[in-house]
Amino acid sequence: MDTLILNCFPVELSPTALTLPFREYESWDESREALNEEFRTYSTYRHPTEDGHIRLLFFNGPDHSDSADLAEVDLGRYANLASRLIERSLNCHFRSLGMEVASDSFGSTALRRQPDVSRNGIDLHTGIAFQARRPFRDEPYVFLLSAQWEARALFKESLSAQEPIVQNLSVGLPVLYRPTTEPPTDLLQFRGRYIGHVRELLASHEASVYCRDHQLRTLPLDVLFLEASSECIRTYEHALGIRDQKYSIWRAIQELSLVLTPAGRRNAAVLRDRLHSIRAFLSGSSQDSLVVPMDTYQPGTVTVGLIPLRAQSDPS
């Protein structure tokens with residue numbers, strides 16, 4: 001049988017039982033209202049209780065009220081809660097290192113800017129996309145972290161930039177929605193993400209955008225950024241008159257994603273090199289494990305082992 005090396009790493013939580021403050025509500029809607037109005041600055045998790053109520057647990061945040069009740073939480077019993085806690089704790093660690101961190105229901109990303117290769121109005125970043133999970137129900141305290149190597153590009157300037165080239169190219173191209181203040185409720189799902197394609201420029205400060213939810217919206221130019229897709233980058237570089245591949249941002253992205261070697265050739269060892277880069281990204285000063293504080297009121301640690309997991313495969 002062959003051995004496959006996986007891009008997955010073991011995770012240990014200590015302690016595995018936490019005492020956390022909580023509030024209970026009659027419904028999801030009531031708990032959501034409290035979360036949005038009172039507890040937006042807290043790190044929280046909601047789950048239904050056996051008696052039909054909705055419990056809002058507080059991981060971390062401002063000093064919680066002395067009147068809040070305390071609950072004993074067994075992380076082996078609540079796998080989703082434990083996975084969320086692992087990701088939140090790693091997010092806090094990466095933010096403390098100055099990285100750009102984003103998270104959603106599919107996991108988290110942590111990216112570090114690469115100033116040496118960022119050019120022509122485009123920033124390049126490398127890092128990892130990761131997700132924590134419990135793979136086996138009958139091993140309630142065994143968790144793992146799956147990680148993917150990431151290389152991403154971001155346009156520095158919004159469509160409102162004084163340099164008109166980005167704005168002039170935008171019609172028909174995909175854009176990201178990156179507001180600097182809290183967006184309207186119907187736009188929350190798009191924050192920091194692809195929102196749709198520009199239909200037309202309506203004025204010096206607005207654009208008509210056909211959004212992913214099939215709605216046509218008028219949005220200010222200063223919250224819209226070209227998505228750094230291959231299409232956008234090639235169109236942008238063509239407009240700039242860049243013809244030499246060695247100066248191409250798209251070529252730089254392929255090298256940073258390890259698809260190409262620095263010599264521009266296809267990298268036959270791309271999977272090995274990506275795994276090595278993930279381990280180097282996680283390792284910091286240690287080669288054995290990454291230990292970060294648990295993102296909870298109660299002191300604890302999250303330990304990620306840096307030896308990737310292996311699986312046996314039967315070639316037959």
# chains A, B, ... in the order shown; residues from 1 in each chain; ligands from 1
>>> residues_around(residues="A:Pro293", least_positions_apart="6", cutoff="10 Å", atoms="only C-alpha atoms", output="list in words")
Ser14, Ile86, Ser89, Leu90, Cys92, His93, Pro299, Gly300, Thr301, Val302 and Thr303 of chain A
>>> residues_around(residues="A:Val304", least_positions_apart="3", cutoff="9 Å", atoms="only C-alpha atoms", output="PDB file with N, CA and C atoms, in the first residue's frame")
ATOM      1  N   PHE A   9      -3.349  18.726   9.452  1.00  0.00           N
ATOM      2  CA  PHE A   9      -2.469  18.737  10.609  1.00  0.00           C
ATOM      3  C   PHE A   9      -3.290  18.500  11.875  1.00  0.00           C
ATOM      4  N   PRO A  10      -2.751  17.715  12.833  1.00  0.00           N
ATOM      5  CA  PRO A  10      -3.493  17.452  14.064  1.00  0.00           C
ATOM      6  C   PRO A  10      -3.586  18.699  14.951  1.00  0.00           C
ATOM      7  N   VAL A  11      -4.718  18.814  15.644  1.00  0.00           N
ATOM      8  CA  VAL A  11      -4.953  19.957  16.537  1.00  0.00           C
ATOM      9  C   VAL A  11      -5.346  19.447  17.910  1.00  0.00           C
ATOM     10  N   GLU A  12      -4.732  20.015  18.938  1.00  0.00           N
ATOM     11  CA  GLU A  12      -5.096  19.688  20.326  1.00  0.00           C
ATOM     12  C   GLU A  12      -5.622  20.930  21.022  1.00  0.00           C
ATOM     13  N   LEU A 144      -8.604  18.233  13.405  1.00  0.00           N
ATOM     14  CA  LEU A 144      -7.530  18.478  12.451  1.00  0.00           C
ATOM     15  C   LEU A 144      -7.778  19.788  11.719  1.00  0.00           C
ATOM     16  N   LEU A 145      -6.703  20.303  11.148  1.00  0.00           N
ATOM     17  CA  LEU A 145      -6.740  21.540  10.382  1.00  0.00           C
ATOM     18  C   LEU A 145      -6.338  21.218   8.948  1.00  0.00           C
ATOM     19  N   LEU A 282       2.967  28.250   8.905  1.00  0.00           N
ATOM     20  CA  LEU A 282       2.455  27.964  10.245  1.00  0.00           C
ATOM     21  C   LEU A 282       3.542  27.931  11.310  1.00  0.00           C
ATOM     22  N   ASP A 288       8.060  22.055  15.203  1.00  0.00           N
ATOM     23  CA  ASP A 288       7.251  20.936  15.682  1.00  0.00           C
ATOM     24  C   ASP A 288       5.770  21.263  15.802  1.00  0.00           C
ATOM     25  N   SER A 289       5.453  22.487  16.264  1.00  0.00           N
ATOM     26  CA  SER A 289       4.055  22.822  16.496  1.00  0.00           C
ATOM     27  C   SER A 289       3.867  24.329  16.548  1.00  0.00           C
ATOM     28  N   LEU A 290       2.644  24.737  16.307  1.00  0.00           N
ATOM     29  CA  LEU A 290       2.227  26.122  16.494  1.00  0.00           C
ATOM     30  C   LEU A 290       1.280  26.155  17.678  1.00  0.00           C
ATOM     31  N   VAL A 291       1.640  26.910  18.716  1.00  0.00           N
ATOM     32  CA  VAL A 291       0.824  27.008  19.924  1.00  0.00           C
ATOM     33  C   VAL A 291       0.334  28.443  20.046  1.00  0.00           C
ATOM     34  N   VAL A 292      -0.990  28.627  20.075  1.00  0.00           N
ATOM     35  CA  VAL A 292      -1.562  29.969  20.180  1.00  0.00           C
ATOM     36  C   VAL A 292      -2.554  29.994  21.338  1.00  0.00           C
TER      37      VAL A 292
END
>>> closest_residue(among="A:Gly196, A:Gly264, A:Pro184, A:Pro135", to="A:Arg251", atoms="only C-alpha atoms")
A:Gly264
>>> select_by_dssp(residues="stretch 63-276 of chain A", states="strand (DSSP E)", output="PyMOL selection string")
chain A and resi 69-74+100-104+107-113+122-133+143-155+174-177+193-201+206-211+216-220+224-226
>>> closest_residue(among="A:Ala68, A:Ala311, A:Ala269, A:Ala147", to="A:Gly127", atoms="only C-alpha atoms")
A:Ala147
>>> closest_residue(among="A:Val198, A:Ile242, A:Ala132, A:Leu306", to="A:Ser283", atoms="only C-alpha atoms")
A:Leu306
>>> closest_residue(among="A:Leu187, A:Leu176, A:Ile253, A:Leu271", to="A:Arg119", atoms="only C-alpha atoms")
A:Ile253
>>> select_by_dssp(residues="stretch 252-282 of chain A", states="helix (DSSP H, G or I)", output="ChimeraX atom specification")
/A:252-256,270-282
>>> residues_around(residues="A:His205", least_positions_apart="2", cutoff="8 Å", atoms="only C-alpha atoms", output="list in words")
Ser160, Leu202, Ala203, Ala207, Pro220, Leu221 and Asp222 of chain A
>>> closest_residue(among="A:His214, A:Arg310, A:Arg178, A:Arg133", to="A:Ser83", atoms="only C-alpha atoms")
A:Arg133
>>> closest_residue(among="A:Tyr194, A:Tyr236, A:Phe225, A:Tyr177", to="A:Ser158", atoms="only C-alpha atoms")
A:Phe225
>>> residues_around(residues="A:Ile233", least_positions_apart="6", cutoff="9 Å", atoms="only C-alpha atoms", output="number ranges by chain")
A: 122, 227, 248-250
>>> residues_around(residues="A:Arg112", least_positions_apart="6", cutoff="9 Å", atoms="only C-alpha atoms", output="number ranges by chain")
A: 98-100, 124-127
